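What follows is the content of structure03.txt (compact mmCIF, C-alpha atoms and all ligand atoms).
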# COMPACT_ATOMS: atom_id res chain seq x y z
CA MET H 144 -33.55 21.61 140.63
CA VAL H 145 -36.57 23.89 140.90
CA ASP H 146 -34.28 26.61 142.24
CA TYR H 147 -32.29 26.84 139.05
CA ALA H 148 -33.08 28.35 135.68
CA ILE H 149 -31.33 25.40 134.05
CA ALA H 150 -30.00 22.24 135.65
CA SER H 151 -28.70 19.09 134.05
CA GLU H 152 -27.88 15.76 135.64
CA ASN H 153 -25.65 13.30 133.82
CA LEU H 154 -27.01 14.59 130.53
CA THR H 155 -25.63 12.40 127.77
CA LYS H 156 -26.07 12.14 124.01
CA ILE H 157 -24.56 9.50 121.81
CA TYR H 158 -24.89 9.73 118.03
CA ARG H 159 -24.95 6.26 116.52
CA GLY H 160 -24.73 5.26 112.91
CA LYS H 161 -23.49 2.35 110.83
CA GLY H 162 -20.15 1.44 112.36
CA PHE H 163 -19.74 4.55 114.49
CA SER H 164 -20.86 6.05 117.74
CA VAL H 165 -19.91 9.47 119.05
CA THR H 166 -20.52 10.49 122.65
CA ALA H 167 -21.22 14.14 121.89
CA VAL H 168 -22.30 15.06 125.44
CA ASP H 169 -20.93 12.93 128.24
CA HIS H 170 -22.62 13.02 131.67
CA VAL H 171 -22.83 16.78 131.95
CA ASN H 172 -23.93 18.28 135.28
CA LEU H 173 -24.54 22.00 135.22
CA LYS H 174 -26.56 24.34 137.40
CA ILE H 175 -27.36 27.80 136.11
CA LYS H 176 -28.90 30.32 138.47
CA ARG H 177 -31.71 32.65 137.56
CA GLY H 178 -30.47 35.92 136.12
CA GLU H 179 -27.08 34.49 135.34
CA PHE H 180 -25.21 35.08 132.10
CA TYR H 181 -23.63 31.69 131.62
CA GLY H 182 -21.13 30.84 128.95
CA LEU H 183 -20.47 27.40 127.55
CA LEU H 184 -17.11 27.57 125.92
CA GLY H 185 -15.50 24.91 123.80
CA PRO H 186 -13.72 24.17 120.56
CA ASN H 187 -15.39 22.81 117.40
CA GLY H 188 -17.13 19.52 117.99
CA ALA H 189 -17.02 19.84 121.79
CA GLY H 190 -20.76 19.20 122.19
CA LYS H 191 -22.12 22.73 122.70
CA THR H 192 -24.86 22.55 120.08
CA THR H 193 -25.89 19.06 121.13
CA PHE H 194 -26.14 20.14 124.77
CA THR H 195 -28.24 23.22 124.02
CA LYS H 196 -30.50 21.28 121.64
CA MET H 197 -31.31 18.79 124.38
CA LEU H 198 -32.21 21.63 126.75
CA ALA H 199 -34.39 23.15 124.04
CA THR H 200 -36.16 19.74 123.69
CA LEU H 201 -35.01 19.42 120.08
CA LEU H 202 -32.96 16.30 120.79
CA ILE H 203 -33.71 13.50 123.22
CA PRO H 204 -30.86 12.53 125.55
CA ASP H 205 -29.66 8.93 125.80
CA GLU H 206 -29.10 9.25 129.50
CA GLY H 207 -29.66 11.74 132.28
CA GLU H 208 -32.21 14.49 132.78
CA ALA H 209 -32.43 18.27 132.72
CA TRP H 210 -34.80 20.87 134.07
CA VAL H 211 -35.55 24.26 132.64
CA ASP H 212 -37.30 26.66 134.99
CA GLY H 213 -38.00 23.56 137.08
CA TYR H 214 -39.70 21.64 134.26
CA SER H 215 -38.34 18.33 133.05
CA ILE H 216 -37.17 18.32 129.44
CA LEU H 217 -38.28 14.68 129.21
CA LYS H 218 -41.65 14.82 130.94
CA GLU H 219 -42.75 18.42 130.36
CA PRO H 220 -41.24 19.52 127.05
CA VAL H 221 -44.21 21.77 126.21
CA GLU H 222 -43.74 23.75 129.43
CA VAL H 223 -40.02 23.99 128.73
CA ARG H 224 -40.60 25.35 125.23
CA LYS H 225 -42.95 28.04 126.52
CA ARG H 226 -40.26 29.33 128.84
CA ILE H 227 -37.27 29.46 126.57
CA GLY H 228 -36.11 31.44 123.61
CA TRP H 229 -33.75 29.37 121.53
CA MET H 230 -31.60 30.31 118.62
CA MET H 231 -28.74 28.88 116.69
CA GLY H 232 -26.54 31.45 115.08
CA GLU H 233 -24.80 29.58 112.32
CA THR H 234 -27.49 27.66 110.49
CA GLY H 235 -30.45 29.11 112.32
CA GLY H 236 -31.26 31.37 109.39
CA ARG H 237 -32.65 28.33 107.62
CA ALA H 238 -35.54 28.32 110.05
CA LEU H 239 -36.82 31.59 108.58
CA TYR H 240 -39.10 32.03 105.59
CA TRP H 241 -36.82 33.57 103.03
CA ARG H 242 -39.60 34.65 100.67
CA LEU H 243 -41.29 36.68 103.37
CA SER H 244 -40.10 39.99 104.73
CA GLY H 245 -38.33 40.12 108.07
CA TYR H 246 -41.35 41.80 109.57
CA ASP H 247 -43.81 39.20 108.22
CA ASN H 248 -41.59 36.41 109.54
CA LEU H 249 -41.77 37.91 113.00
CA VAL H 250 -45.54 38.41 112.88
CA PHE H 251 -45.92 34.80 111.78
CA PHE H 252 -43.67 33.39 114.53
CA GLY H 253 -45.41 35.58 117.07
CA MET H 254 -48.70 33.94 116.07
CA LEU H 255 -47.18 30.47 116.37
CA GLN H 256 -46.14 31.32 119.89
CA ASN H 257 -49.63 32.56 120.74
CA VAL H 258 -48.51 36.10 121.42
CA PRO H 259 -51.52 38.48 121.14
CA LYS H 260 -51.20 40.45 117.90
CA ASP H 261 -50.96 43.94 119.42
CA ILE H 262 -48.35 42.85 121.98
CA ALA H 263 -46.35 41.03 119.30
CA GLU H 264 -46.36 44.10 117.06
CA LYS H 265 -45.18 46.32 119.87
CA ARG H 266 -42.36 43.94 120.78
CA ILE H 267 -41.34 43.53 117.16
CA ARG H 268 -41.08 47.29 116.71
CA VAL H 269 -39.00 47.77 119.87
CA LEU H 270 -36.68 44.87 119.09
CA LEU H 271 -36.18 45.87 115.44
CA LYS H 272 -35.16 49.30 116.65
CA PHE H 273 -32.87 47.93 119.32
CA LEU H 274 -31.01 45.69 116.91
CA GLU H 275 -31.01 48.35 114.19
CA LEU H 276 -32.96 46.26 111.76
CA GLU H 277 -35.83 48.70 111.20
CA ASP H 278 -34.75 49.72 107.71
CA ALA H 279 -34.55 46.12 106.59
CA ALA H 280 -37.83 45.02 108.15
CA ASP H 281 -39.79 45.17 104.89
CA LYS H 282 -37.13 43.50 102.77
CA LEU H 283 -37.35 39.81 101.95
CA VAL H 284 -35.18 37.63 104.17
CA LEU H 285 -33.45 36.22 101.08
CA GLU H 286 -31.96 39.69 100.59
CA TYR H 287 -30.59 39.72 104.14
CA SER H 288 -26.94 39.29 105.02
CA THR H 289 -26.00 36.52 107.47
CA GLY H 290 -25.72 39.10 110.21
CA MET H 291 -29.20 40.44 109.54
CA ARG H 292 -30.65 36.94 109.62
CA ILE H 293 -28.92 36.27 112.93
CA LYS H 294 -30.45 39.42 114.39
CA LEU H 295 -33.87 38.40 113.09
CA MET H 296 -33.44 34.98 114.73
CA LEU H 297 -32.62 36.70 117.98
CA ILE H 298 -35.77 38.81 117.80
CA ARG H 299 -37.75 35.71 116.96
CA ALA H 300 -36.40 34.03 120.11
CA LEU H 301 -37.60 36.98 122.22
CA LEU H 302 -41.13 37.45 120.88
CA HIS H 303 -42.89 35.54 123.64
CA ASN H 304 -40.75 37.33 126.21
CA PRO H 305 -39.14 34.19 127.67
CA ASP H 306 -37.22 34.39 130.94
CA ILE H 307 -34.57 31.99 129.75
CA LEU H 308 -32.55 32.31 126.57
CA ILE H 309 -30.53 29.49 125.08
CA LEU H 310 -28.32 30.96 122.40
CA ASP H 311 -26.02 28.78 120.35
CA GLU H 312 -23.17 30.92 119.01
CA PRO H 313 -25.37 33.95 118.40
CA THR H 314 -22.47 36.14 117.31
CA LEU H 315 -20.86 33.73 114.88
CA GLY H 316 -20.83 35.29 111.42
CA LEU H 317 -21.45 38.82 112.65
CA ASP H 318 -19.06 41.61 111.76
CA VAL H 319 -17.18 43.16 114.65
CA GLU H 320 -19.52 46.10 115.07
CA SER H 321 -22.71 44.02 114.98
CA ALA H 322 -21.20 41.50 117.39
CA ILE H 323 -20.51 44.29 119.88
CA LYS H 324 -24.08 45.54 119.56
CA VAL H 325 -25.55 42.09 120.03
CA ARG H 326 -23.33 41.45 123.07
CA ASN H 327 -24.36 44.74 124.66
CA PHE H 328 -27.97 43.95 123.95
CA LEU H 329 -27.70 40.51 125.56
CA ARG H 330 -25.91 41.87 128.60
CA ARG H 331 -28.76 44.34 129.08
CA LEU H 332 -31.29 41.53 128.95
CA THR H 333 -29.73 40.01 132.06
CA ASP H 334 -28.74 43.25 133.82
CA GLU H 335 -31.98 45.17 133.29
CA LEU H 336 -34.62 42.51 132.73
CA GLY H 337 -33.20 39.71 134.87
CA LYS H 338 -33.21 37.17 132.08
CA THR H 339 -31.08 34.06 132.28
CA ILE H 340 -28.83 33.46 129.31
CA LEU H 341 -27.03 30.29 128.38
CA PHE H 342 -24.66 31.30 125.68
CA THR H 343 -22.30 29.10 123.70
CA SER H 344 -19.19 30.30 122.00
CA HIS H 345 -15.71 29.36 121.03
CA ASN H 346 -14.62 32.95 121.27
CA MET H 347 -12.70 33.30 124.54
CA TYR H 348 -12.70 37.05 124.35
CA GLU H 349 -16.45 37.50 124.22
CA VAL H 350 -17.10 34.93 126.93
CA GLU H 351 -14.56 36.61 129.18
CA GLN H 352 -16.21 39.98 128.58
CA LEU H 353 -19.81 38.89 128.92
CA CYS H 354 -20.34 36.00 131.23
CA ASP H 355 -20.78 35.77 134.98
CA ARG H 356 -19.82 32.14 134.93
CA ILE H 357 -18.24 29.85 132.40
CA ALA H 358 -18.06 26.14 131.79
CA ILE H 359 -15.49 24.77 129.42
CA ILE H 360 -16.59 21.72 127.48
CA ASN H 361 -14.22 19.51 125.57
CA LYS H 362 -15.07 16.19 123.92
CA GLY H 363 -18.48 16.19 125.60
CA LYS H 364 -17.12 16.62 129.12
CA ILE H 365 -17.06 19.68 131.35
CA ILE H 366 -13.41 20.23 132.14
CA PHE H 367 -13.80 23.46 134.09
CA GLU H 368 -16.45 25.61 135.68
CA GLY H 369 -16.04 29.02 137.32
CA THR H 370 -15.83 32.75 136.78
CA PRO H 371 -13.57 34.13 134.05
CA ARG H 372 -11.20 35.24 136.79
CA GLU H 373 -11.14 31.78 138.39
CA ILE H 374 -10.16 30.25 135.10
CA ARG H 375 -7.24 32.58 134.85
CA GLU H 376 -6.29 31.95 138.47
CA LYS H 377 -6.40 28.20 137.96
CA VAL H 378 -3.61 28.60 135.52
CA GLU H 379 -1.60 30.95 137.68
CA GLU H 380 1.33 28.61 137.29
CA LEU H 381 1.21 29.74 133.72
CA LYS H 382 3.42 32.72 134.45
CA VAL H 383 3.11 35.26 131.72
CA VAL H 384 5.21 38.34 131.05
CA GLU H 385 4.03 40.96 128.61
CA ILE H 386 6.52 43.10 126.76
CA ASP H 387 5.55 46.24 124.88
CA VAL H 388 8.24 47.27 122.48
CA ILE H 389 8.32 49.90 119.77
CA SER H 390 9.53 48.16 116.68
CA SER H 391 9.27 48.17 112.93
CA ASP H 392 7.95 45.09 111.19
CA SER H 393 11.46 44.18 110.13
CA GLU H 394 12.97 44.57 113.60
CA ILE H 395 10.40 42.38 115.30
CA ASN H 396 11.87 39.10 114.04
CA ASP H 397 15.20 40.01 115.53
CA ILE H 398 13.53 40.79 118.88
CA LEU H 399 11.63 37.51 118.82
CA ARG H 400 14.81 35.61 118.05
CA LYS H 401 16.57 37.21 121.04
CA LEU H 402 13.67 36.28 123.31
CA GLU H 403 13.51 32.76 122.00
CA ALA H 404 17.20 32.28 122.71
CA ALA H 405 16.89 33.62 126.28
CA SER H 406 17.07 30.94 128.97
CA VAL H 407 14.50 32.75 131.17
CA VAL H 408 11.84 32.61 128.44
CA LYS H 409 9.99 29.31 128.25
CA LYS H 410 7.72 30.02 125.30
CA ILE H 411 6.62 32.89 123.15
CA LEU H 412 2.83 32.73 123.42
CA SER H 413 1.91 35.42 120.95
CA TYR H 414 2.92 38.74 119.51
CA GLU H 415 0.67 41.35 118.13
CA ARG H 416 1.07 44.76 116.58
CA THR H 417 -0.85 47.55 118.29
CA LYS H 418 -0.45 50.97 116.71
CA ASN H 419 3.28 51.71 116.74
CA TYR H 420 4.43 49.01 119.12
CA TYR H 421 4.37 45.25 119.48
CA LYS H 422 2.87 43.42 122.41
CA ILE H 423 4.73 40.17 123.03
CA ARG H 424 3.52 37.58 125.54
CA VAL H 425 5.89 34.94 126.84
CA THR H 426 5.81 32.34 129.60
CA VAL H 427 8.58 32.29 132.20
CA GLU H 428 9.64 30.19 135.20
CA ASP H 429 9.99 33.11 137.62
CA HIS H 430 8.95 36.72 137.06
CA TYR H 431 11.53 38.19 139.41
CA VAL H 432 14.36 36.59 137.52
CA ALA H 433 12.87 36.94 134.07
CA ILE H 434 11.81 40.59 134.00
CA PRO H 435 15.23 42.17 134.64
CA GLU H 436 16.88 39.63 132.37
CA ILE H 437 14.47 40.41 129.51
CA ALA H 438 15.13 44.12 130.07
CA ARG H 439 18.86 43.42 129.75
CA ILE H 440 18.46 41.32 126.59
CA LEU H 441 16.36 44.05 124.95
CA LYS H 442 18.45 46.98 126.19
CA ASP H 443 19.13 48.17 122.63
CA ASN H 444 15.44 48.10 121.70
CA LYS H 445 12.77 50.62 122.54
CA VAL H 446 11.02 48.78 125.36
CA GLU H 447 7.92 50.63 126.62
CA SER H 448 7.11 48.22 129.44
CA ILE H 449 7.73 44.75 130.76
CA SER H 450 5.22 43.46 133.23
CA ARG H 451 3.70 40.40 134.77
CA SER H 452 0.34 39.52 133.24
CA LEU H 453 -2.51 37.12 133.99
CA PRO H 454 -2.99 34.54 131.28
CA THR H 455 -5.78 35.34 128.86
CA LEU H 456 -8.76 33.03 128.80
CA GLU H 457 -7.50 31.60 125.55
CA GLU H 458 -4.14 30.73 127.04
CA ALA H 459 -5.92 29.34 130.10
CA PHE H 460 -8.28 27.30 127.96
CA LEU H 461 -5.47 25.78 125.97
CA LYS H 462 -3.73 24.80 129.17
CA ILE H 463 -6.85 23.35 130.82
CA ALA H 464 -7.79 21.49 127.66
CA GLY H 465 -4.28 20.05 127.58
CA VAL H 466 -3.49 21.50 124.20
CA LYS H 467 0.19 22.12 123.92
CA ILE H 468 0.81 25.84 123.86
CA GLU H 469 3.91 25.29 121.75
CA GLU H 470 1.70 24.09 118.94
CA THR H 471 -0.47 27.15 118.91
CA SER H 472 2.48 29.44 119.27
CA ARG H 473 3.99 27.83 116.23
CA ARG H 474 0.71 28.33 114.41
CA ILE H 475 0.71 31.99 115.40
CA TRP H 476 4.24 32.30 114.10
CA ARG H 477 3.30 30.88 110.77
CA ARG H 478 0.33 33.20 110.50
CA GLY H 479 2.62 36.14 110.95
CA GLY H 480 1.72 37.20 114.42
CA HIS H 481 -1.75 38.57 114.23
CA GLY H 482 -3.17 35.77 116.36
N1 LIG C 501 -26.26 14.49 113.70
C1 LIG C 501 -25.08 14.02 114.05
N2 LIG C 501 -24.68 12.76 113.74
C2 LIG C 501 -23.49 12.27 114.12
N3 LIG C 501 -22.59 12.95 114.85
C3 LIG C 501 -22.91 14.21 115.18
C4 LIG C 501 -24.15 14.81 114.82
N4 LIG C 501 -24.18 16.07 115.31
C5 LIG C 501 -23.02 16.26 115.94
N5 LIG C 501 -22.25 15.15 115.89
C6 LIG C 501 -20.93 14.95 116.52
O1 LIG C 501 -21.07 15.21 117.90
C7 LIG C 501 -19.96 15.94 118.41
C8 LIG C 501 -20.45 17.25 119.04
O2 LIG C 501 -21.02 18.08 118.03
P1 LIG C 501 -21.65 19.49 118.34
O3 LIG C 501 -22.22 20.00 117.07
O4 LIG C 501 -22.58 19.35 119.49
O5 LIG C 501 -20.38 20.32 118.79
P2 LIG C 501 -20.21 21.92 118.94
O6 LIG C 501 -19.48 22.14 120.20
O7 LIG C 501 -21.51 22.59 118.75
O8 LIG C 501 -19.23 22.26 117.74
P3 LIG C 501 -19.12 23.62 116.85
O9 LIG C 501 -18.28 24.57 117.64
O10 LIG C 501 -18.42 23.16 115.62
O11 LIG C 501 -20.52 24.12 116.60
C9 LIG C 501 -19.02 16.14 117.24
O12 LIG C 501 -18.05 15.12 117.30
C10 LIG C 501 -19.90 15.97 116.03
O13 LIG C 501 -19.17 15.47 114.95
MG MG C 502 -22.21 24.07 117.46
Go through the file and emit its structure as structure tokens.
Amino acid sequence: MVDYAIASENLTKIYRGKGFSVTAVDHVNLKIKRGEFYGLLGPNGAGKTTFTKMLATLLIPDEGEAWVDGYSILKEPVEVRKRIGWMMGETGGRALYWRLSGYDNLVFFGMLQNVPKDIAEKRIRVLLKFLELEDAADKLVLEYSTGMRIKLMLIRALLHNPDILILDEPTLGLDVESAIKVRNFLRRLTDELGKTILFTSHNMYEVEQLCDRIAIINKGKIIFEGTPREIREKVEELKVVEIDVISSDSEINDILRKLEAASVVKKILSYERTKNYYKIRVTVEDHYVAIPEIARILKDNKVESISRSLPTLEEAFLKIAGVKIEETSRRIWRRGGHG
């Protein structure tokens, strides 16, 4: 366990109250190597926050043990805390002092973490610049947007220069542009500074883009562990064909109806408008049979391409988690196809 940045053994947490008990984390065994960017992916209520809080020594497990940088979360919590930077995206902003400026918050938290004043100030300046928060540094936190508070929390987690970062949905609530910046920043922390990051998310796309390895958690249990590519390969039997077709918004329903009626098409997974054409993803039994048949069915439409495609992480996740794809496809239909 000493060899790993983070290791858990049968880590379990049960929330108990009057007349209820919820096993939020159920005998989780994970090993995260040093320098790894590790994603914990799961839907709402899967146990991500509970798991990361136990690692951060903020919650005591009911069973099992975990080690952070070789230190036991049960027996050496003080050592663990020194070595980690922890943040929670969603509600983490509450942990800041809203009547102080962003800068004063950081100076204060730097002091709490025993960072020498001159070093803290230098780090604060660099990190504010990196996350483009310089201009807001002297404003009160109560004037900050959610995104600005999230960035401030991230800086706070880095002040003592920890080797291991435990980040609970750090991009939740960020606008698209800020989320991209934060992701790039995090990736650089592992690539250039060798930091280990445990990152939780329910956004398949960002996990697929960012992480070296991924675990999928569902109802407190790890249901899959591997690289993003391995996840997609595991669901190879999910044979996907992608069709790009130039179509107006009114024509698309007709195209979808033709595809739905085709015997070679099992399910329409999603359809999405991209510039002047639609990208439609369907599952099929056999590519070799399906592709020419789809071409024939759509011969009067402006088909740009029809090709075999690996399932996206989202499609893979839904399959691994045992969620019926039909259900989500119906949901996408109702939403009008921008899913
Ligand atoms: N303090 C609590 N008391 C009782 N049950 C709780 C408590 N905190 C979490 N739970 C329950 O434990 C389970 C796991 O919750 P957790 O917050 O860890 O999930 P999560 O994966 O972080 O979800 P989300 O994506 O919504 O943040 C859920 O069923 C949740 O309702
Ligand atoms: Mg959570």
Could I get the residue neighbourhood of ligand MG 502 (chain C) at 9 Å, counting only C-alpha atoms and all ligand atoms, as a PDB file with C-alpha atoms, in the coordinates of the input?
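Result written to out.pdb:
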ATOM      1  CA  ASN H 187     -15.390  22.810 117.400  1.00  0.00           C
ATOM      2  CA  GLY H 188     -17.130  19.520 117.990  1.00  0.00           C
ATOM      3  CA  ALA H 189     -17.020  19.840 121.790  1.00  0.00           C
ATOM      4  CA  GLY H 190     -20.760  19.200 122.190  1.00  0.00           C
ATOM      5  CA  LYS H 191     -22.120  22.730 122.700  1.00  0.00           C
ATOM      6  CA  THR H 192     -24.860  22.550 120.080  1.00  0.00           C
ATOM      7  CA  THR H 193     -25.890  19.060 121.130  1.00  0.00           C
ATOM      8  CA  THR H 195     -28.240  23.220 124.020  1.00  0.00           C
ATOM      9  CA  MET H 231     -28.740  28.880 116.690  1.00  0.00           C
ATOM     10  CA  GLY H 232     -26.540  31.450 115.080  1.00  0.00           C
ATOM     11  CA  GLU H 233     -24.800  29.580 112.320  1.00  0.00           C
ATOM     12  CA  ASP H 311     -26.020  28.780 120.350  1.00  0.00           C
ATOM     13  CA  GLU H 312     -23.170  30.920 119.010  1.00  0.00           C
ATOM     14  CA  THR H 343     -22.300  29.100 123.700  1.00  0.00           C
ATOM     15  CA  SER H 344     -19.190  30.300 122.000  1.00  0.00           C
TER      16      SER H 344
END
Please give me, as a PyMOL selection string, the residues lying within 12 Å of ligand LIG 501 (chain C) when counting all atoms listed in the file.
chain H and resi 155-169+183-197+201-202+231-235+310-313+315+342-346+359-365
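Considering only C-alpha atoms, the residue among H:Gln256, H:Glu349, H:Val269, H:Lys282 positioned nearest to Arg242 in chain H is H:Lys282.
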From the list H:Pro454, H:Gly316, H:Gly207, H:Gly228, which residue is nearest Leu341 in chain H when using all atoms listed in the file?
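Using all atoms listed in the file, the shortest distance to Leu341 in chain H belongs to H:Gly228.
Closest to Trp229 in chain H among H:Arg299, H:Arg416, H:Lys338, H:Lys260 is H:Arg299, based on all atoms listed in the file.
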Counting only C-alpha atoms, which residue out of H:Ile398, H:Ile440, H:Cys354, H:Leu301 sits closest to Ile423 in chain H?
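Going through H:Ile398, H:Ile440, H:Cys354, H:Leu301 one by one, the smallest distance to Ile423 in chain H is for H:Ile398.
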Would you kindly return, as a ChimeraX atom specification, each protein, DNA or RNA residue with an atom no farther than 12 Å from any atom of Ser244 in chain H, considering only C-alpha atoms and excluding same-chain residues fewer than 4 positions away?
/H:239-240,248-251,276-287,291-292,295
Those residues you just picked out, can you put them in a file as an mmCIF file, in the frame of the given file with C-alpha atoms?
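In the end it all went to out_18.cif:
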data_model
loop_
_atom_site.group_PDB
_atom_site.id
_atom_site.type_symbol
_atom_site.label_atom_id
_atom_site.label_comp_id
_atom_site.auth_asym_id
_atom_site.auth_seq_id
_atom_site.Cartn_x
_atom_site.Cartn_y
_atom_site.Cartn_z
ATOM 1 C CA LEU H 239 -36.820 31.590 108.580
ATOM 2 C CA TYR H 240 -39.100 32.030 105.590
ATOM 3 C CA ASN H 248 -41.590 36.410 109.540
ATOM 4 C CA LEU H 249 -41.770 37.910 113.000
ATOM 5 C CA VAL H 250 -45.540 38.410 112.880
ATOM 6 C CA PHE H 251 -45.920 34.800 111.780
ATOM 7 C CA LEU H 276 -32.960 46.260 111.760
ATOM 8 C CA GLU H 277 -35.830 48.700 111.200
ATOM 9 C CA ASP H 278 -34.750 49.720 107.710
ATOM 10 C CA ALA H 279 -34.550 46.120 106.590
ATOM 11 C CA ALA H 280 -37.830 45.020 108.150
ATOM 12 C CA ASP H 281 -39.790 45.170 104.890
ATOM 13 C CA LYS H 282 -37.130 43.500 102.770
ATOM 14 C CA LEU H 283 -37.350 39.810 101.950
ATOM 15 C CA VAL H 284 -35.180 37.630 104.170
ATOM 16 C CA LEU H 285 -33.450 36.220 101.080
ATOM 17 C CA GLU H 286 -31.960 39.690 100.590
ATOM 18 C CA TYR H 287 -30.590 39.720 104.140
ATOM 19 C CA MET H 291 -29.200 40.440 109.540
ATOM 20 C CA ARG H 292 -30.650 36.940 109.620
ATOM 21 C CA LEU H 295 -33.870 38.400 113.090
#
Using only C-alpha atoms: which of H:Met296, H:Val350, H:Leu270, H:Leu317 has the shortest distance to Phe180 in chain H:
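Closest candidate: H:Val350.
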Residue contacts of Lys445 in chain H (10 Å, all atoms listed in the file) excluding same-chain residues fewer than 2 positions away, as a VMD selection string
chain H and resid 387 to 390 420 441 to 443 447 to 448
Proximity to Ser321 in chain H - best of H:Val221, H:Leu198, H:Ile293, H:Ile203, only C-alpha atoms:
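Of all the options, H:Ile293 lies closest to Ser321 in chain H.
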Tell me, in Å to one decimal, how far CA of Leu336 in chain H is from CA of Ile307 in chain H.
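The value is 10.9 Å.
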Suppose you want the space between CA of Arg237 in chain H and CA of Ile298 in chain H; what is it in Å?
14.9 Å
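Counting from CA of Leu308 in chain H, the distance to CA of Leu243 in chain H is 25.2 Å.
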Which range 249-290 of chain H residues have any atom within 12 Å of an atom of range 325-332 of chain H, and for each, what is the nearest pair of atoms with distance in Å to one decimal, counting all atoms listed in the file, rows sorted by chain and number, as JSON lines?
{"residue": "H:Leu270", "atom": "CA", "partner": "H:Phe328", "partner_atom": "CA", "distance": 10.0}
{"residue": "H:Leu271", "atom": "CA", "partner": "H:Phe328", "partner_atom": "CA", "distance": 12.0}
{"residue": "H:Lys272", "atom": "CA", "partner": "H:Phe328", "partner_atom": "CA", "distance": 11.6}
{"residue": "H:Phe273", "atom": "CA", "partner": "H:Phe328", "partner_atom": "CA", "distance": 7.8}
{"residue": "H:Leu274", "atom": "CA", "partner": "H:Val325", "partner_atom": "CA", "distance": 7.2}
{"residue": "H:Glu275", "atom": "CA", "partner": "H:Val325", "partner_atom": "CA", "distance": 10.2}
{"residue": "H:Leu276", "atom": "CA", "partner": "H:Val325", "partner_atom": "CA", "distance": 11.9}
{"residue": "H:Gly290", "atom": "CA", "partner": "H:Val325", "partner_atom": "CA", "distance": 10.3}
Using all atoms listed in the file, what residues lie at most 10 Å away from (4.6, 44.5, 128.4) (file coordinates), given as a ChimeraX atom specification?
/H:383-388,421-425,434,446-452
Close residues, range 375-377 of chain H itself excluded, 9 Å, all atoms listed in the file, min 2 positions apart in chain, as a ChimeraX atom specification
/H:370-373,379-381,453-456,458-460,463
Mind checking which residues fall within 12 Å of Lys218 in chain H, counting only C-alpha atoms, ignoring those fewer than 4 positions away in the same chain, and posting them as a list in words?
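These residues fall inside the cut-off: Thr200, Ile203, Glu208, Ala209, Trp210, Val211, Gly213, Tyr214, Glu222 and Val223 of chain H.
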Would you put the residues from that selection into a file with C-alpha atoms, as a short mmCIF file (atom, residue, chain, number, x, y, z; two decimals), keeping the file's coordinate frame?
data_model
loop_
_atom_site.label_atom_id
_atom_site.label_comp_id
_atom_site.auth_asym_id
_atom_site.auth_seq_id
_atom_site.Cartn_x
_atom_site.Cartn_y
_atom_site.Cartn_z
CA THR H 200 -36.16 19.74 123.69
CA ILE H 203 -33.71 13.50 123.22
CA GLU H 208 -32.21 14.49 132.78
CA ALA H 209 -32.43 18.27 132.72
CA TRP H 210 -34.80 20.87 134.07
CA VAL H 211 -35.55 24.26 132.64
CA GLY H 213 -38.00 23.56 137.08
CA TYR H 214 -39.70 21.64 134.26
CA GLU H 222 -43.74 23.75 129.43
CA VAL H 223 -40.02 23.99 128.73
#
Return as lines of an AutoDock Vina configuration file the box centre and box size in Å, one decimal, for an axis-aligned box around all listed atoms of range 424-441 of chain H padded by 3 Å per side.
center_x = 11.2
center_y = 37.2
center_z = 132.2
size_x = 21.3
size_y = 19.9
size_z = 20.5
